[in-house]
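Q: I am sharing my_file12.txt, which consists of compact mmCIF, C-alpha atoms and all ligand atoms:
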```
# COMPACT_ATOMS: atom_id res chain seq x y z
CA MET A 1 111.69 91.49 75.06
CA GLY A 2 111.36 94.32 77.53
CA LYS A 3 115.06 95.08 77.61
CA SER A 4 114.81 98.70 76.52
CA ARG A 5 112.14 99.55 79.08
CA LYS A 6 113.19 101.22 82.30
CA LEU A 7 113.23 98.93 85.30
CA VAL A 8 111.70 100.27 88.50
CA VAL A 9 112.03 98.47 91.81
CA VAL A 10 109.00 99.48 93.86
CA ALA A 11 109.31 99.06 97.64
CA LEU A 12 105.96 99.09 99.41
CA GLY A 13 105.84 100.20 103.05
CA GLY A 14 103.91 98.74 105.95
CA ASN A 15 100.88 100.91 105.14
CA ALA A 16 100.45 99.24 101.75
CA PHE A 17 98.69 96.23 103.31
CA GLN A 18 97.43 97.35 106.69
CA SER A 19 96.70 101.04 106.91
CA LYS A 20 96.17 103.03 110.09
CA GLY A 21 92.86 102.15 111.72
CA ASP A 22 92.52 98.81 109.91
CA ARG A 23 91.73 95.77 112.05
CA GLY A 24 93.67 93.65 109.59
CA THR A 25 90.83 91.59 108.10
CA PRO A 26 91.36 89.67 104.85
CA GLN A 27 88.89 92.09 103.20
CA GLU A 28 91.08 95.03 104.21
CA TYR A 29 94.20 93.23 103.00
CA TRP A 30 92.59 92.58 99.62
CA ALA A 31 91.31 96.15 99.31
CA ASN A 32 94.81 97.49 100.05
CA ALA A 33 96.46 95.00 97.68
CA TYR A 34 94.14 96.14 94.88
CA LYS A 35 95.05 99.80 95.53
CA ALA A 36 98.73 98.94 95.17
CA ALA A 37 97.99 96.77 92.12
CA GLU A 38 96.11 99.65 90.51
CA PHE A 39 99.08 102.01 90.42
CA ILE A 40 101.63 99.25 89.71
CA SER A 41 99.60 98.21 86.67
CA LYS A 42 99.48 101.88 85.64
CA LEU A 43 103.28 101.94 85.67
CA ILE A 44 103.35 98.77 83.57
CA GLU A 45 100.90 100.41 81.17
CA GLU A 46 103.40 103.31 80.96
CA GLU A 47 106.02 100.81 79.72
CA TYR A 48 108.05 100.37 82.88
CA ASN A 49 109.28 96.94 83.92
CA ILE A 50 108.52 96.35 87.55
CA VAL A 51 109.91 94.37 90.45
CA VAL A 52 107.90 94.77 93.64
CA THR A 53 109.14 94.33 97.16
CA HIS A 54 107.38 95.02 100.45
CA GLY A 55 107.79 95.33 104.20
CA ASN A 56 106.50 92.66 106.58
CA GLY A 57 106.93 94.14 110.08
CA PRO A 58 103.23 94.17 111.03
CA GLN A 59 102.65 90.71 109.52
CA VAL A 60 105.61 89.06 111.26
CA GLY A 61 104.28 90.64 114.47
CA ILE A 62 100.88 89.05 113.84
CA ILE A 63 102.44 85.66 113.01
CA ALA A 64 104.40 85.86 116.27
CA GLU A 65 101.16 86.52 118.21
CA TRP A 66 99.45 83.55 116.56
CA MET A 67 102.40 81.31 117.36
CA MET A 68 102.46 82.48 120.95
CA LEU A 69 98.74 81.76 121.43
CA GLY A 70 99.18 78.36 119.78
CA MET A 71 102.03 77.55 122.12
CA LYS A 72 100.25 78.73 125.27
CA GLN A 73 96.86 77.21 124.50
CA LYS A 74 97.56 74.11 122.39
CA ASP A 75 101.25 73.37 122.91
CA ILE A 76 101.95 73.96 119.19
CA PRO A 77 105.69 74.71 118.91
CA PRO A 78 106.45 78.15 117.46
CA MET A 79 108.33 78.40 114.16
CA THR A 80 111.60 80.29 113.89
CA LEU A 81 111.82 83.88 112.64
CA ASP A 82 113.22 82.96 109.22
CA ILE A 83 110.24 80.63 108.69
CA ALA A 84 107.90 83.41 109.84
CA GLY A 85 109.57 85.64 107.23
CA ALA A 86 108.92 83.01 104.55
CA MET A 87 105.28 82.81 105.66
CA SER A 88 104.91 86.58 105.32
CA GLN A 89 106.44 86.51 101.82
CA GLY A 90 103.89 83.92 100.74
CA TRP A 91 101.00 85.72 102.42
CA LEU A 92 101.68 89.18 100.96
CA GLY A 93 103.13 87.84 97.73
CA TYR A 94 99.91 85.94 97.05
CA LEU A 95 97.76 89.04 97.63
CA LEU A 96 99.84 91.10 95.20
CA GLN A 97 100.22 88.26 92.74
CA GLN A 98 96.49 87.77 92.36
CA SER A 99 95.44 91.43 92.50
CA LEU A 100 98.09 92.36 89.93
CA TYR A 101 97.10 89.48 87.69
CA ASN A 102 93.49 90.65 87.75
CA LYS A 103 94.38 94.33 87.18
CA LEU A 104 96.62 93.44 84.25
CA LYS A 105 93.82 91.29 82.78
CA GLU A 106 91.37 94.13 83.19
CA LYS A 107 93.72 96.55 81.42
CA GLY A 108 94.38 94.05 78.62
CA LEU A 109 98.10 93.96 79.43
CA PHE A 110 98.27 90.33 80.39
CA GLY A 111 99.68 88.08 77.73
CA SER A 112 100.82 90.82 75.36
CA ARG A 113 102.78 93.16 77.56
CA VAL A 114 103.22 90.89 80.61
CA LYS A 115 103.70 87.14 80.62
CA GLY A 116 102.89 86.54 84.24
CA VAL A 117 103.16 87.62 87.85
CA VAL A 118 105.29 85.54 90.20
CA THR A 119 106.37 85.72 93.81
CA ILE A 120 109.82 84.47 94.70
CA VAL A 121 110.47 83.23 98.22
CA THR A 122 113.71 85.16 98.61
CA GLN A 123 116.68 84.43 100.84
CA THR A 124 119.06 87.30 101.47
CA ILE A 125 122.62 86.67 102.56
CA VAL A 126 123.94 88.47 105.62
CA LYS A 127 127.43 88.17 107.11
CA SER A 128 127.65 85.89 110.13
CA ASP A 129 130.15 88.33 111.65
CA ASP A 130 127.92 91.37 111.08
CA PRO A 131 128.25 93.53 114.22
CA ALA A 132 124.42 93.57 114.50
CA PHE A 133 124.50 89.98 115.82
CA LYS A 134 126.27 91.19 118.95
CA ASP A 135 123.74 93.92 119.60
CA PRO A 136 120.13 92.98 118.79
CA THR A 137 118.07 96.17 118.51
CA LYS A 138 114.94 95.41 116.55
CA TYR A 139 111.76 94.86 118.64
CA ILE A 140 109.42 92.20 117.26
CA GLY A 141 106.22 90.42 118.27
CA PRO A 142 104.07 90.76 121.38
CA TRP A 143 104.77 92.34 124.77
CA TYR A 144 105.41 90.10 127.80
CA ASP A 145 105.79 90.56 131.55
CA LYS A 146 109.15 89.88 133.19
CA GLU A 147 108.26 86.33 134.29
CA GLU A 148 107.06 85.22 130.83
CA ALA A 149 110.06 86.84 129.16
CA ASP A 150 112.48 85.00 131.48
CA LYS A 151 110.73 81.69 130.82
CA LEU A 152 110.86 82.14 127.03
CA SER A 153 114.47 83.16 127.09
CA ARG A 154 115.31 79.99 129.09
CA GLU A 155 113.21 77.72 126.85
CA LEU A 156 113.87 79.22 123.42
CA GLY A 157 117.02 81.29 123.88
CA TRP A 158 115.22 84.49 122.88
CA VAL A 159 116.68 87.84 123.95
CA PHE A 160 114.34 90.33 125.64
CA LYS A 161 114.67 94.02 126.37
CA PRO A 162 112.37 96.37 128.24
CA ASP A 163 110.25 98.21 125.67
CA PRO A 164 110.10 102.02 125.93
CA ARG A 165 106.30 101.65 125.89
CA GLY A 166 106.35 99.25 128.87
CA GLY A 167 106.74 95.49 129.36
CA TYR A 168 109.32 93.26 127.69
CA ARG A 169 109.72 92.52 124.01
CA ARG A 170 111.86 90.20 122.02
CA VAL A 171 114.77 91.90 120.25
CA VAL A 172 116.59 90.49 117.24
CA PRO A 173 119.58 91.67 115.20
CA SER A 174 119.12 93.62 111.97
CA PRO A 175 122.22 92.82 109.88
CA ASP A 176 123.10 94.55 106.61
CA PRO A 177 121.93 92.63 103.52
CA VAL A 178 124.61 91.52 101.04
CA ILE A 179 122.76 89.91 98.10
CA GLN A 180 119.65 87.89 97.29
CA VAL A 181 120.37 84.20 96.69
CA GLU A 182 117.69 84.12 93.97
CA ILE A 183 118.89 87.27 92.17
CA ASP A 184 119.71 85.55 88.86
CA ALA A 185 116.29 83.94 88.68
CA ILE A 186 114.64 87.30 89.42
CA LYS A 187 116.69 88.96 86.64
CA LYS A 188 115.83 86.22 84.15
CA LEU A 189 112.11 86.46 84.90
CA VAL A 190 112.13 90.26 84.46
CA GLU A 191 113.95 89.92 81.12
CA ASP A 192 111.39 87.34 80.04
CA GLY A 193 108.48 89.70 80.71
CA TYR A 194 107.32 88.69 84.16
CA VAL A 195 106.34 91.02 86.97
CA VAL A 196 108.28 89.75 89.97
CA ILE A 197 107.43 90.14 93.65
CA ALA A 198 110.58 89.40 95.63
CA ASP A 199 112.65 90.05 98.73
CA GLY A 200 109.58 90.62 100.92
CA GLY A 201 110.49 91.96 104.34
CA GLY A 202 114.03 92.62 103.08
CA GLY A 203 114.47 88.91 102.42
CA ILE A 204 114.80 85.88 104.68
CA PRO A 205 118.15 86.36 106.42
CA VAL A 206 120.53 83.49 105.70
CA VAL A 207 124.23 82.95 106.32
CA LEU A 208 126.72 80.94 104.26
CA ASN A 209 128.98 78.33 105.81
CA GLU A 210 132.52 77.60 104.62
CA LYS A 211 131.13 75.09 102.09
CA GLY A 212 128.81 77.75 100.65
CA MET A 213 125.69 76.21 102.16
CA LEU A 214 122.81 78.31 103.45
CA SER A 215 120.98 78.40 106.75
CA GLY A 216 118.38 80.81 108.12
CA VAL A 217 119.12 83.03 111.09
CA GLU A 218 116.95 84.62 113.79
CA ALA A 219 117.20 88.16 112.52
CA VAL A 220 115.34 90.68 110.38
CA ILE A 221 116.60 92.68 107.43
CA ASP A 222 115.51 96.24 106.79
CA LYS A 223 113.28 96.11 103.71
CA ASP A 224 114.60 99.39 102.24
CA LEU A 225 118.22 98.24 102.49
CA GLY A 226 117.24 94.86 101.03
CA ALA A 227 115.41 96.64 98.18
CA GLU A 228 118.58 98.62 97.40
CA ARG A 229 120.69 95.45 97.17
CA MET A 230 118.17 93.89 94.78
CA ALA A 231 117.72 97.06 92.69
CA SER A 232 121.48 97.55 92.35
CA ALA A 233 122.09 93.91 91.44
CA LEU A 234 119.33 94.07 88.81
CA LYS A 235 120.85 97.32 87.45
CA ALA A 236 117.42 98.90 87.87
CA ASN A 237 117.04 102.48 86.68
CA ILE A 238 114.86 103.69 89.53
CA LEU A 239 114.30 102.68 93.15
CA LEU A 240 110.84 103.90 94.19
CA ILE A 241 110.30 103.70 97.96
CA LEU A 242 106.65 104.18 98.87
CA THR A 243 105.61 104.97 102.40
CA ASP A 244 103.05 106.90 104.46
CA ILE A 245 104.62 110.37 104.18
CA ASP A 246 104.94 112.61 101.10
CA LYS A 247 108.64 113.46 101.42
CA ALA A 248 111.67 113.25 103.67
CA TYR A 249 112.02 116.32 105.87
CA LEU A 250 114.82 118.16 107.61
CA ASN A 251 114.11 118.79 111.31
CA TYR A 252 111.17 116.42 111.00
CA GLY A 253 108.47 116.85 113.63
CA THR A 254 109.64 120.33 114.69
CA PRO A 255 108.18 123.74 113.75
CA GLN A 256 111.26 124.18 111.50
CA GLN A 257 110.61 121.05 109.44
CA LYS A 258 111.45 121.49 105.78
CA PRO A 259 110.51 119.13 102.93
CA LEU A 260 113.30 117.88 100.69
CA ASP A 261 112.71 117.79 96.92
CA VAL A 262 115.98 116.90 95.19
CA LEU A 263 119.20 115.84 96.88
CA LYS A 264 122.56 114.76 95.58
CA ALA A 265 123.78 111.61 97.32
CA SER A 266 126.53 113.65 99.01
CA GLU A 267 123.99 116.14 100.41
CA ALA A 268 121.71 113.34 101.56
CA LEU A 269 124.65 111.70 103.34
CA GLU A 270 125.49 114.97 105.09
CA TYR A 271 121.91 115.32 106.40
CA TYR A 272 121.87 111.62 107.29
CA LYS A 273 125.01 112.05 109.40
CA GLN A 274 123.47 115.10 111.06
CA GLY A 275 120.68 112.80 112.29
CA HIS A 276 117.71 114.25 110.39
CA PHE A 277 116.25 110.84 109.51
CA LYS A 278 115.13 108.48 112.27
CA PRO A 279 116.82 105.07 112.48
CA GLY A 280 114.42 102.27 111.57
CA SER A 281 112.05 104.52 109.59
CA MET A 282 113.26 107.33 107.29
CA GLY A 283 116.95 106.63 108.00
CA PRO A 284 117.20 103.36 106.04
CA LYS A 285 115.18 104.82 103.13
CA ILE A 286 117.65 107.68 102.72
CA LEU A 287 120.58 105.30 103.12
CA ALA A 288 119.07 102.93 100.55
CA GLY A 289 118.65 105.87 98.14
CA ILE A 290 122.25 107.01 98.63
CA ARG A 291 123.63 103.50 98.15
CA PHE A 292 121.49 102.92 95.07
CA VAL A 293 122.74 105.96 93.15
CA GLN A 294 126.31 105.38 94.36
CA ASN A 295 126.05 101.85 92.94
CA GLY A 296 125.04 103.11 89.51
CA GLY A 297 121.30 103.74 89.84
CA GLU A 298 119.86 106.82 88.11
CA LEU A 299 117.39 107.93 90.71
CA ALA A 300 115.89 106.98 94.05
CA ILE A 301 112.51 108.39 95.04
CA ILE A 302 110.83 108.41 98.45
CA ALA A 303 107.13 109.24 98.23
CA HIS A 304 103.68 108.57 99.62
CA LEU A 305 102.07 105.39 98.32
CA GLU A 306 99.10 107.33 96.91
CA ASN A 307 101.46 109.63 94.96
CA ALA A 308 103.51 106.85 93.36
CA TYR A 309 102.66 107.80 89.82
CA GLU A 310 103.13 111.57 90.26
CA ALA A 311 106.42 110.94 92.09
CA LEU A 312 107.75 108.89 89.20
CA LYS A 313 106.82 111.78 86.91
CA GLY A 314 108.86 114.14 89.10
CA LYS A 315 105.89 116.02 90.55
CA THR A 316 106.30 115.09 94.21
CA GLY A 317 108.39 113.04 96.62
CA THR A 318 112.05 113.34 97.60
CA ARG A 319 114.50 112.50 94.82
CA ILE A 320 118.07 111.35 95.44
CA ILE A 321 120.35 111.71 92.43
CA PRO A 322 124.01 110.81 91.84
CA GLY A 323 126.70 113.27 92.84
P1 LIG B 1 107.46 102.05 106.02
O1 LIG B 1 106.55 101.00 106.56
O2 LIG B 1 106.93 102.65 104.75
O3 LIG B 1 108.90 101.61 105.91
P2 LIG B 1 108.29 103.71 108.26
O4 LIG B 1 107.36 104.00 109.41
O5 LIG B 1 109.41 102.77 108.51
O6 LIG B 1 107.36 103.27 107.04
O7 LIG B 1 108.91 105.10 107.74
C1 LIG B 1 108.08 106.22 107.42
C2 LIG B 1 108.03 107.16 108.61
O8 LIG B 1 109.29 107.80 108.82
C3 LIG B 1 107.11 108.36 108.48
O9 LIG B 1 105.78 108.03 108.79
C4 LIG B 1 107.71 109.37 109.48
O10 LIG B 1 106.99 109.36 110.68
C5 LIG B 1 109.09 108.83 109.77
N1 LIG B 1 110.18 109.78 109.67
C6 LIG B 1 111.27 109.79 110.49
N2 LIG B 1 112.13 110.76 110.17
C7 LIG B 1 111.57 111.41 109.10
C8 LIG B 1 112.01 112.51 108.30
N3 LIG B 1 113.15 113.14 108.53
N4 LIG B 1 111.21 112.90 107.28
C9 LIG B 1 110.05 112.26 107.03
N5 LIG B 1 109.59 111.22 107.75
C10 LIG B 1 110.34 110.78 108.79
MG MG B 2 110.13 100.99 107.58
```
For the structure just supplied, provide its representation as structure tokens.
A:
Amino acid sequence: MGKSRKLVVVALGGNAFQSKGDRGTPQEYWANAYKAAEFISKLIEEEYNIVVTHGNGPQVGIIAEWMMLGMKQKDIPPMTLDIAGAMSQGWLGYLLQQSLYNKLKEKGLFGSRVKGVVTIVTQTIVKSDDPAFKDPTKYIGPWYDKEEADKLSRELGWVFKPDPRGGYRRVVPSPDPVIQVEIDAIKKLVEDGYVVIADGGGGIPVVLNEKGMLSGVEAVIDKDLGAERMASALKANILLILTDIDKAYLNYGTPQQKPLDVLKASEALEYYKQGHFKPGSMGPKILAGIRFVQNGGELAIIAHLENAYEALKGKTGTRIIPG
């Protein structure tokens, strides 16, 4: 069942759950989850098989704030970053899992077309010798003054750097993802007719020891690069990266900015090398798109969340194709 349908891996950006101006209440989270569920269920109605993944930057930041307050005010020990990642996967996975379930019920797709909606707590392998471990660059969590930062780095071994916006912030490595530990289970569930939510936040970063055993590391994985690894391993047809901008642009943010409609992977790589796409935002999306089509994918699309459907129909967004 479902094997002839095209498989689309949909990567939801940070704006999918907490949009600009939101306080971040549960009501807002639900409202945003239902918006995402609406168009995802539309794609399912159109006969696509779907695997959903999502970012978790804002949520891991919030979890870090909660843990810090708990530690300062009640002496509750903070959890590690890999555990915070697992928490965010459960949190956002649950929201999508329930809103999608309800949307599919409403559209009469549940049971016939779709057997169920499941979230997989996903561990993603990174290499313990990835150069990123020597040079942590990714800012996470709250801002501290120098004294607090020094204390935390003594007590917990955290690394701090001055933040361009002032104060000190924890920095962690962002290693390249290799593969999801749960990939075979994800594949099986898709083949059996389930909508799968997986690899949230790019996956929980884990390393393998010489005996092949796993352990979590204090790092974060870029969700777009994680999505590419999963999409390629699943032999998905399309990687659909949804964000808060309609297209990727050349000379972005300048009077000369120019939207990009269709790019061969080789052209995209050329522009990438020229520095048109900012590291940590559009850069990894373009790189994920290039890697996906180089690894056998048909098409990668970068589009605004609200235009997901039109983008899949070729009407908007930036498309990266093989070649
Ligand atoms: P997400 O949470 O969806 O991953 P990001 O903030 O990481 O969102 O990436 C989307 C952002 O990338 C856009 O809001 C835009 O400001 C930024 N960006 C950087 N370079 C470019 C570019 N060349 N073209 C378009 N957007 C760009
Ligand atoms: Mg991003």
Q: If you count all atoms listed in the file, which residues end up within 8 Å of ligand LIG 1 (chain B), as a PyMOL selection string?
A: chain A and resi 12-16+55+57+223-224+241-253+259+276-283+285
Q: For the point (105.3, 116.4, 96.0) in the file's frame, write as a ChimeraX atom specification all residues with an atom no more than 9 Å away, counting only C-alpha atoms.
A: /A:246-247,261,303-304,307,310-311,314-318
Q: Tell me which protein, DNA and RNA residues are within 12 Å of Arg291 in chain A, counting only C-alpha atoms, leaving out same-chain ones fewer than 2 positions away, and put them as a PyMOL selection string.
A: chain A and resi 224-233+239+264-266+268-269+284-289+293-300+320-323
Q: Quick check, in Å to one decimal: how far apart do CA of Tyr272 in chain A and CA of Ile290 in chain A lie?
A: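 Separating CA of Tyr272 in chain A from CA of Ile290 in chain A is a distance of 9.8 Å.
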Q: Skipping near chain neighbours, those fewer than 2 positions away, what residues fall within 9 Å of Gly203 in chain A using all atoms listed in the file, listed as a list of chain:residue names?
A: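 Neighbouring residues, sequence-local ones excluded: A:Gly85, A:Ala86, A:Gln89, A:Val121, A:Thr122, A:Gln123, A:Thr124, A:Ile125, A:Pro177, A:Gln180, A:Ala198, A:Asp199, A:Gly200, A:Gly201, A:Pro205, A:Val206, A:Val220, A:Ile221, A:Asp222, A:Lys223, A:Gly226, A:Ala227.
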Q: Quick one: pull the distance between CA of Thr53 in chain A and CA of Ile140 in chain A, Å, one decimal.
A: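 Those two atoms sit 20.2 Å apart.
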Q: Which is closer to ligand MG 2 (chain B) than all the others in A:Gly108, A:Gly21, A:Pro131, A:Gly202, using all atoms listed in the file?
A: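 Under the stated criterion, the closest residue is A:Gly202.
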Q: Point out the residue among A:Glu38, A:Lys105, A:Gln98, A:His54 with the least atom-to-atom distance to ligand MG 2 (chain B), counting only C-alpha atoms and all ligand atoms.
A: A:His54
Q: Report, in Å with one decimal, the straight-line distance from CA of Asp192 in chain A to CA of Val52 in chain A.
A: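 Answer for the CA of Asp192 in chain A to CA of Val52 in chain A separation: 15.9 Å.
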